[in-house]
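Here the structure comes first, spelled out in structure tokens, and everything after it is commentary.
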Amino acid sequence: MRFPSRATLGNTAVIALLLLIAVWLLGLHQQDAWWQSAPLPARWGWAAGSVLAYAVFCAVVWWRGRPRDDTASDSGPPPTLLVWSSQTGFAQQLCERSADALRAAGVAVRVRGLHQIDAATLQQATQALFVVSTTGEGDAPDHALPFLRNVMPQALALPGLHYGVLALGDRSYGHFCAFGHQLDAWLRQHGAHPLFDTVEVDNADPAALRHWQQLLGQLGGAATDLPDWTPAEYRPWHLQARTLENPGSPGTGTWRIALVPADGALPAWQAGDVVEIGPRHAPADVAAWLATHARDGARMVGGEPLSAHLARAHLPALPDAVPAEDAALVASLTPLPHREYSIASMPVEGQVMLLLRRQLRPDGTPGLGSGWLCDHADLGGRIDLRFRSNPNFHAPAHDAPLILIGNGTGIAGLRAHLRARIDAGARRNWLLFGERTQAHDFFFGDELIAWHQAGGIQRLDTVFSRDGGEHRYVQDRLQARLDELRQWVRDGATILVCGSLQGMAPAVDAVIEQALGREGKEALIVAGRYRRDVY
């Protein structure tokens, strides 16, 4: 289901006013004889109406283009800056939707067009998201010209800015997403820190937009329950196995999930790809809603029980929002948003393996996606699943060395890369992994140690923050291995980072820049040899 943004509503209002004025002028023209013969007070009335209509039109135009700021709390960070650059209006619409998603997560925002951004605005911001399109043969939208002429030539220092870029383009043209990448490179060169790799969107690709929406939820501190902008078309899979991987851990429970296709036909995917899961409510929650509203969950609607429709949708909270007829109720439901997870296995293993930590809401109840997979879904029951290719996190050629850095459940995506490379005979692999305790949180530990002993992992560095020792975090271990890092990079290594968006990823990025220098790090990024999948 699509929802109109403020920009869309504003466009509608402007069009309506223009039509109104056009009809009025047409009527005036048709009544020219009346105008000539009308008394003076009537003419003044027509003139006043013209001025009023034009004033209303100007007011609406101003309302649409005005700067829109939320007020941040005195103790909280400054508002997140959201910047759009659009030739057709689509980037502006996505920017407004992004602002709404962050607001729903409790994040204060400021929305601006790129033409409204000056050097001082960037230097004062601590977090910014850019939604920019590319037009023509790699050009920026027309309205971005003041930014290109007046801001980008300046020698700015932006060390306090953390940013993300959503780059819109069309692969049928040359220089795909060129302006988005130009802006990303400029921000990096001036010391700003990327929150994640640039998200490319090919011709409004729904999967890429859902990925961006999930990143927005993570920036808000938790996955948002707002509906997907473009719901996924899922396929039926079955939950084959579910195992708690860290009993006794000081952290929250982490589960290994095994999924198999319902039709038995296993599709192909690459290491680095992700799956989108369509979650469902806990059966007890659906039963409680049905009891509260005196509805029969077994009643068939469109070939499915009413309870099945409710399990996949936001449950209406207000009695007045619940239609009396079951068919009307089902038609009014909004699907639950998807959740994304890195794939830890390869097709040769006959299953999709996931590793996910049970997320908890402020009231202590499990989160939407992790609660469904870790607690509520029945073994052997249906799981709605869709694959999303993630080319920005695909591996280099097998003859190149590979450095894999991750923490927590980020080991899932790295484990798939290791399995693929070991199967292909690529043995120059260096894994750096961090978690809380070795006794409880060394996910895939026996397998990783066996691969290391057999030569499939040339270097294996692990750190556990609660166990003491010389290094607490994975970035600390990398800091102690700067000479080895430089040598591996000289030998042609690619670096893959998977794990926490907050904490680990920026800390590792800082160590890489310390080892290679800013220009050396930028050269790796441009060459596709430094890739991240962070969340």
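Please note that chains go A, B, ... in the order of the structure tokens, that every chain numbers its residues from 1, and that ligands are numbered from 1 in the order shown.
In the backbone-derived DSSP annotation, strand (DSSP E or B) within range 234-270 of chain A comprises Arg235, Pro236, Trp237, His238, Leu239, Gln240, Ala241, Arg242, Thr243, Leu244, Thr254, Trp255, Arg256, Ile257, Ala258, Leu259, Val260 and Pro261 of chain A.
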- request: Using only C-alpha atoms, determine which residues lie at most 12 Å from Phe433 in chain A, disregarding the query and same-chain residues fewer than 5 positions distant; provide the list as a PyMOL selection string.
  value: chain A and resi 403-412+414-415+438+441-445+448+459-465+471-478+496-499+504+508
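Proximity to Leu158 in chain A was assessed for A:Ser172, A:Gln93, A:Gln189, A:Gln123 counting only C-alpha atoms; the smallest distance is recorded for A:Gln123.
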query: Leaving out Tyr234 in chain A and any residue of its chain fewer than 2 positions from it, which residues lie within 6 Å of it when counting only C-alpha atoms, given as a PyMOL selection string?
result: chain A and resi 232+384-386
Would you export the selected residues with C-alpha atoms as a PDB file, in the first residue's frame, please?
```pdb
ATOM      1  CA  ALA A 232       7.794  -7.810  -0.962  1.00  0.00           C
ATOM      2  CA  ASP A 384       7.499 -16.027   4.028  1.00  0.00           C
ATOM      3  CA  LEU A 385      10.865 -15.344   2.406  1.00  0.00           C
ATOM      4  CA  ARG A 386      12.367 -13.387  -0.446  1.00  0.00           C
TER       5      ARG A 386
END
```
task: With a distance cut-off of 12 Å and only C-alpha atoms, select the neighbouring residues of Pro250 in chain A, excluding the residue or stretch itself and same-chain residues fewer than 2 positions from it, and output the selection as a PyMOL selection string.
output: chain A and resi 246-248+252-254+435-441+464-467
Show me, as a PDB file with N, CA, C and O atoms, in the first residue's frame, the residues that have an atom within 10 Å of Glu137 in chain A when counting only C-alpha atoms, minus same-chain residues fewer than 6 positions from it.
```
ATOM      1  N   TYR A 173      21.065   3.925 -18.674  1.00  0.00           N
ATOM      2  CA  TYR A 173      21.861   5.076 -19.068  1.00  0.00           C
ATOM      3  C   TYR A 173      23.294   4.893 -18.575  1.00  0.00           C
ATOM      4  O   TYR A 173      23.559   4.150 -17.637  1.00  0.00           O
ATOM      5  N   GLY A 174      24.207   5.618 -19.199  1.00  0.00           N
ATOM      6  CA  GLY A 174      25.583   5.581 -18.732  1.00  0.00           C
ATOM      7  C   GLY A 174      25.740   6.312 -17.411  1.00  0.00           C
ATOM      8  O   GLY A 174      24.876   7.103 -17.006  1.00  0.00           O
ATOM      9  N   HIS A 175      26.822   6.049 -16.723  1.00  0.00           N
ATOM     10  CA  HIS A 175      27.152   6.736 -15.468  1.00  0.00           C
ATOM     11  C   HIS A 175      26.055   6.540 -14.429  1.00  0.00           C
ATOM     12  O   HIS A 175      25.501   7.494 -13.881  1.00  0.00           O
ATOM     13  N   PHE A 176      25.749   5.288 -14.158  1.00  0.00           N
ATOM     14  CA  PHE A 176      24.676   4.931 -13.221  1.00  0.00           C
ATOM     15  C   PHE A 176      24.942   5.528 -11.845  1.00  0.00           C
ATOM     16  O   PHE A 176      26.015   5.352 -11.276  1.00  0.00           O
ATOM     17  N   CYS A 177      23.966   6.268 -11.314  1.00  0.00           N
ATOM     18  CA  CYS A 177      24.040   6.875  -9.972  1.00  0.00           C
ATOM     19  C   CYS A 177      25.287   7.739  -9.802  1.00  0.00           C
ATOM     20  O   CYS A 177      25.837   7.845  -8.699  1.00  0.00           O
ATOM     21  N   ALA A 178      25.710   8.381 -10.871  1.00  0.00           N
ATOM     22  CA  ALA A 178      26.998   9.091 -10.847  1.00  0.00           C
ATOM     23  C   ALA A 178      27.010  10.219  -9.823  1.00  0.00           C
ATOM     24  O   ALA A 178      27.999  10.396  -9.095  1.00  0.00           O
ATOM     25  N   PHE A 179      25.935  11.000  -9.763  1.00  0.00           N
ATOM     26  CA  PHE A 179      25.962  12.129  -8.829  1.00  0.00           C
ATOM     27  C   PHE A 179      25.946  11.650  -7.379  1.00  0.00           C
ATOM     28  O   PHE A 179      26.600  12.242  -6.523  1.00  0.00           O
TER      29      PHE A 179
END
```
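Here the helix (DSSP H, G or I) residues in range 478-512 of chain A, by DSSP on the backbone, are Leu478, Gln479, Leu482, Asp483, Glu484, Leu485, Arg486, Gln487, Trp488, Val489, Arg490, Met504, Ala505, Pro506, Ala507, Val508, Asp509, Ala510, Val511 and Ile512 of chain A.
Between Glu519 in chain A and the candidates A:Gly191, A:Pro77, A:Pro153, A:Gly136, the tightest atom-to-atom separation, counting only C-alpha atoms, involves A:Gly191.
Contact shell of Gly455 in chain A at 10 Å (only C-alpha atoms; same-chain neighbours under 3 positions omitted): Ile422, Ala426, Arg427, Arg428, Asn429, Ile449, Ala450, Trp451, His452, Gln458 and Arg459 of chain A.
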Using N, CA and C atoms, can you write the selected residues to a file as an mmCIF file, in the first residue's frame?
```
data_model
loop_
_atom_site.group_PDB
_atom_site.id
_atom_site.type_symbol
_atom_site.label_atom_id
_atom_site.label_comp_id
_atom_site.auth_asym_id
_atom_site.auth_seq_id
_atom_site.Cartn_x
_atom_site.Cartn_y
_atom_site.Cartn_z
ATOM 1 N N ILE A 422 36.565 -21.339 0.751
ATOM 2 C CA ILE A 422 37.223 -22.601 1.097
ATOM 3 C C ILE A 422 36.827 -23.689 0.109
ATOM 4 N N ALA A 426 40.308 -21.190 -2.151
ATOM 5 C CA ALA A 426 40.957 -19.922 -1.792
ATOM 6 C C ALA A 426 41.291 -19.951 -0.308
ATOM 7 N N ARG A 427 42.549 -19.909 0.036
ATOM 8 C CA ARG A 427 42.957 -20.142 1.421
ATOM 9 C C ARG A 427 43.603 -18.912 2.067
ATOM 10 N N ARG A 428 43.824 -17.839 1.317
ATOM 11 C CA ARG A 428 44.415 -16.623 1.901
ATOM 12 C C ARG A 428 43.287 -15.784 2.505
ATOM 13 N N ASN A 429 42.800 -16.217 3.658
ATOM 14 C CA ASN A 429 41.681 -15.563 4.340
ATOM 15 C C ASN A 429 42.101 -15.198 5.758
ATOM 16 N N ILE A 449 37.489 -22.825 13.920
ATOM 17 C CA ILE A 449 38.778 -23.365 14.385
ATOM 18 C C ILE A 449 39.233 -24.515 13.484
ATOM 19 N N ALA A 450 38.297 -25.384 13.108
ATOM 20 C CA ALA A 450 38.653 -26.502 12.220
ATOM 21 C C ALA A 450 39.140 -25.993 10.869
ATOM 22 N N TRP A 451 38.481 -24.981 10.325
ATOM 23 C CA TRP A 451 38.921 -24.403 9.054
ATOM 24 C C TRP A 451 40.317 -23.781 9.203
ATOM 25 N N HIS A 452 40.552 -23.141 10.318
ATOM 26 C CA HIS A 452 41.860 -22.527 10.550
ATOM 27 C C HIS A 452 42.949 -23.600 10.634
ATOM 28 N N GLN A 458 43.800 -18.554 6.945
ATOM 29 C CA GLN A 458 45.227 -18.404 7.204
ATOM 30 C C GLN A 458 45.469 -17.732 8.548
ATOM 31 N N ARG A 459 44.679 -16.681 8.855
ATOM 32 C CA ARG A 459 44.817 -15.985 10.133
ATOM 33 C C ARG A 459 43.447 -15.911 10.794
#
```
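Shortest separation to Pro347 in chain A among A:Leu156, A:Val260, A:Leu195, A:Leu226 occurs at residue A:Val260, atoms counted being only C-alpha atoms.
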- request: Write out as a PyMOL selection string which residues come within 7 Å of His398 in chain A when counting only C-alpha atoms, dropping same-chain ones fewer than 2 positions away.
  value: chain A and resi 396+400+421+426
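Note that CA of Asp197 in chain A and CA of Leu145 in chain A are 24.7 Å apart.
One finds CA of Arg529 in chain A at 20.4 Å from CA of Tyr163 in chain A.
Distance annotation: of A:Ala420, A:Ala128, A:Ala288, A:Leu219, the residue with the minimal separation from Pro194 in chain A is A:Ala128; atom set is only C-alpha atoms.
The closest residue to Leu355 in chain A, picked from A:Leu168, A:Ala454, A:Leu373, A:Leu122 and counting only C-alpha atoms, is A:Leu373.
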query: Which residue gives the smallest distance to Asp100 in chain A among A:Gln240, A:Thr334, A:Asn150, A:Gln213, with only C-alpha atoms counted?
result: A:Gln213
task: Take CA of Glu200 in chain A and CA of Gly164 in chain A and report the distance between them in Å, one decimal.
output: 11.4 Å
